[in-house]
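Enquirer: One structure, pasted below without further comment.
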Amino acid sequence: MQPLIDNARTFGQRPEEFAKLAKGQSPQVLFITCSDSRVVPALITGARPGELFELRTAGNIVPPYASEHPTSEAATIEYAVEVLGVSDIVVCGHSHCGAIGALVRGDDLTAVPAVRDWLTNAADKPKCSDTADPTVAEAVQNHVLAQLLRLRSYPCIEKRLEAGELQLHGWYYEVHTGIVREHRAESDTFETL
């Protein structure tokens, strides 16, 4: 913890870099990814403060849209699209994902009931031909595509997509190599950026 505290103490010693941020934010991208500590959106993208609006959930899950039962995830997505006017949304899954691995292996999650119940929001169990693969690459990539489909059911996203004002992107990040792959619709494969 001490190195983190030391950095936090010196971080604010460059006020000229941060003064403009007090005027507001205008990120162009909503970046939806896993809560996993090995996935750092600003590090992966090189984004500076104010350039990414982030939503981090266990397993980068986008819950179903239900206006009668709003979630913090839905509120974040709606705010990014309607208020901030982001032009792009990235759903980024990652290798070695514990949440997706638990889904495909059918792990017993009774000791973590909140996690177990949250994972029911993942849509269908992601297709995975090799559940012994520690990267769970196939399952994570299929899961990313399912979350992109789920996003399309949000009214604010549907409206902006139809107007040609928003683009959705599916990414897969390999924590063991640092490589990022993007889903290409024309080939239906994830290819290196």
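Ordering of the structure tokens sets the chain letters (A, B, ...), residue numbers begin anew at 1 in every chain, and ligands are numbered from 1 in the order given.
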Taking only C-alpha atoms into account, produce a table as JSON lines in which each residue of stretch 45-67 of chain A with an atom at most 10 Å from an atom of stretch 127-148 of chain A appears once, together with its shortest atom pair and the distance in Å to one decimal, ordered by chain and rising number.
Expert:
{"residue": "A:Gly59", "atom": "CA", "partner": "A:Val140", "partner_atom": "CA", "distance": 8.8}
{"residue": "A:Asn60", "atom": "CA", "partner": "A:Val144", "partner_atom": "CA", "distance": 8.0}
{"residue": "A:Ile61", "atom": "CA", "partner": "A:Gln147", "partner_atom": "CA", "distance": 6.6}
{"residue": "A:Val62", "atom": "CA", "partner": "A:Gln147", "partner_atom": "CA", "distance": 5.7}
{"residue": "A:Pro63", "atom": "CA", "partner": "A:Gln147", "partner_atom": "CA", "distance": 8.3}
{"residue": "A:Pro64", "atom": "CA", "partner": "A:Gln147", "partner_atom": "CA", "distance": 9.4}
Enquirer: Could the residues in this selection be written to a file with N, CA and C atoms, as a PDB file, in the first residue's frame?
Expert:
ATOM      1  N   GLY A  59     -16.403  -9.251 -14.635  1.00  0.00           N
ATOM      2  CA  GLY A  59     -16.679  -9.930 -15.897  1.00  0.00           C
ATOM      3  C   GLY A  59     -17.145  -9.012 -17.008  1.00  0.00           C
ATOM      4  N   ASN A  60     -16.892  -7.705 -16.888  1.00  0.00           N
ATOM      5  CA  ASN A  60     -17.359  -6.701 -17.862  1.00  0.00           C
ATOM      6  C   ASN A  60     -18.798  -6.968 -18.326  1.00  0.00           C
ATOM      7  N   ILE A  61     -19.635  -7.282 -17.358  1.00  0.00           N
ATOM      8  CA  ILE A  61     -21.034  -7.610 -17.647  1.00  0.00           C
ATOM      9  C   ILE A  61     -21.855  -6.332 -17.805  1.00  0.00           C
ATOM     10  N   VAL A  62     -22.632  -6.302 -18.880  1.00  0.00           N
ATOM     11  CA  VAL A  62     -23.627  -5.258 -19.092  1.00  0.00           C
ATOM     12  C   VAL A  62     -24.966  -5.890 -18.721  1.00  0.00           C
ATOM     13  N   PRO A  63     -25.581  -5.450 -17.620  1.00  0.00           N
ATOM     14  CA  PRO A  63     -26.840  -6.076 -17.218  1.00  0.00           C
ATOM     15  C   PRO A  63     -27.973  -5.733 -18.181  1.00  0.00           C
ATOM     16  N   PRO A  64     -29.018  -6.533 -18.188  1.00  0.00           N
ATOM     17  CA  PRO A  64     -30.157  -6.221 -19.053  1.00  0.00           C
ATOM     18  C   PRO A  64     -30.729  -4.849 -18.699  1.00  0.00           C
TER      19      PRO A  64
END
Enquirer: Quick one: residues within 12 Å of A:Leu21, only C-alpha atoms, excluding same-chain residues fewer than 3 positions away - as a list in words?
Expert: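 Everything that qualifies: Pro15, Glu16, Glu17, Phe18, Gly24, Gln25, Ser26, Pro27, Arg48, Pro49, Gly50 and Glu51 of chain A.
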Enquirer: Would you save the residues from that selection as a PDB file, in the first residue's frame, using C-alpha atoms?
Expert:
ATOM      1  CA  PRO A  15      -1.616  21.576 -10.676  1.00  0.00           C
ATOM      2  CA  GLU A  16      -1.176  23.049 -14.155  1.00  0.00           C
ATOM      3  CA  GLU A  17      -1.881  19.616 -15.660  1.00  0.00           C
ATOM      4  CA  PHE A  18      -5.150  19.262 -13.781  1.00  0.00           C
ATOM      5  CA  GLY A  24     -15.734  19.537 -16.940  1.00  0.00           C
ATOM      6  CA  GLN A  25     -15.230  16.388 -18.936  1.00  0.00           C
ATOM      7  CA  SER A  26     -15.791  15.493 -22.551  1.00  0.00           C
ATOM      8  CA  PRO A  27     -14.544  11.934 -23.100  1.00  0.00           C
ATOM      9  CA  ARG A  48      -4.972  10.903 -20.105  1.00  0.00           C
ATOM     10  CA  PRO A  49      -7.405  12.133 -17.431  1.00  0.00           C
ATOM     11  CA  GLY A  50     -10.690  13.132 -19.044  1.00  0.00           C
ATOM     12  CA  GLU A  51     -10.286  11.005 -22.187  1.00  0.00           C
TER      13      GLU A  51
END
Enquirer: Give me the residues near A:Leu193 as a ChimeraX atom specification, where near means some atom within 8 Å (using only C-alpha atoms) and where sequence neighbours in that chain fewer than 6 positions away do not count.
Expert: /A:180-182
Enquirer: Would you mind reading off the distance between atom CA of A:Leu161 and atom CA of A:Leu55, one decimal, in Å?
Expert: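 We find that atom CA of A:Leu161 and atom CA of A:Leu55 lie 19.6 Å from each other.
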Enquirer: Using backbone DSSP assignments, extract all alpha helix (DSSP H) residues from chain A; output them as a ChimeraX atom specification.
Expert: /A:2-11,15-18,41-45,72-78,98-105,113-119,137-151,155-162
Enquirer: What separation in Å, quoted to one decimal, exists between atom CA of A:Thr189 and atom CA of A:Val91?
Expert: 15.1 Å
Enquirer: My list of candidates is A:Ile32, A:Val39, A:Ala74, A:Ala122. Which is closest to A:Ile157 when distances are computed with only C-alpha atoms?
Expert: A:Ala74
Enquirer: Suppose you want the space between atom CA of A:Val115 and atom CA of A:Ala99; what is it in Å?
Expert: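 We find that atom CA of A:Val115 and atom CA of A:Ala99 lie 8.4 Å from each other.
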Enquirer: Applying 10 Å and only C-alpha atoms, which residues near A:Arg160 remain after dropping the ones on its own chain fewer than 6 positions away? List them as a ChimeraX atom specification.
Expert: /A:81-82,85-87,152,166-167
Enquirer: Run DSSP on the backbone of this structure and report the residues of stretch 41-179 of chain A it assigns to strand (DSSP E or B), as a list in words.
Expert: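 Residues of stretch 41-179 of chain A classed as strand (DSSP E or B): Leu52, Phe53, Glu54, Leu55, Arg56, Thr57, Asp88, Ile89, Val90, Val91, Cys92, Gly93, His94, Gln167, Leu168, His169, Gly170, Trp171, Tyr172 and Tyr173 of chain A.
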Enquirer: Skipping near chain neighbours, those fewer than 5 positions away, what residues fall within 12 Å of A:Asp107 using only C-alpha atoms, listed as a ChimeraX atom specification?
Expert: /A:98-102,112,115-116,119,131
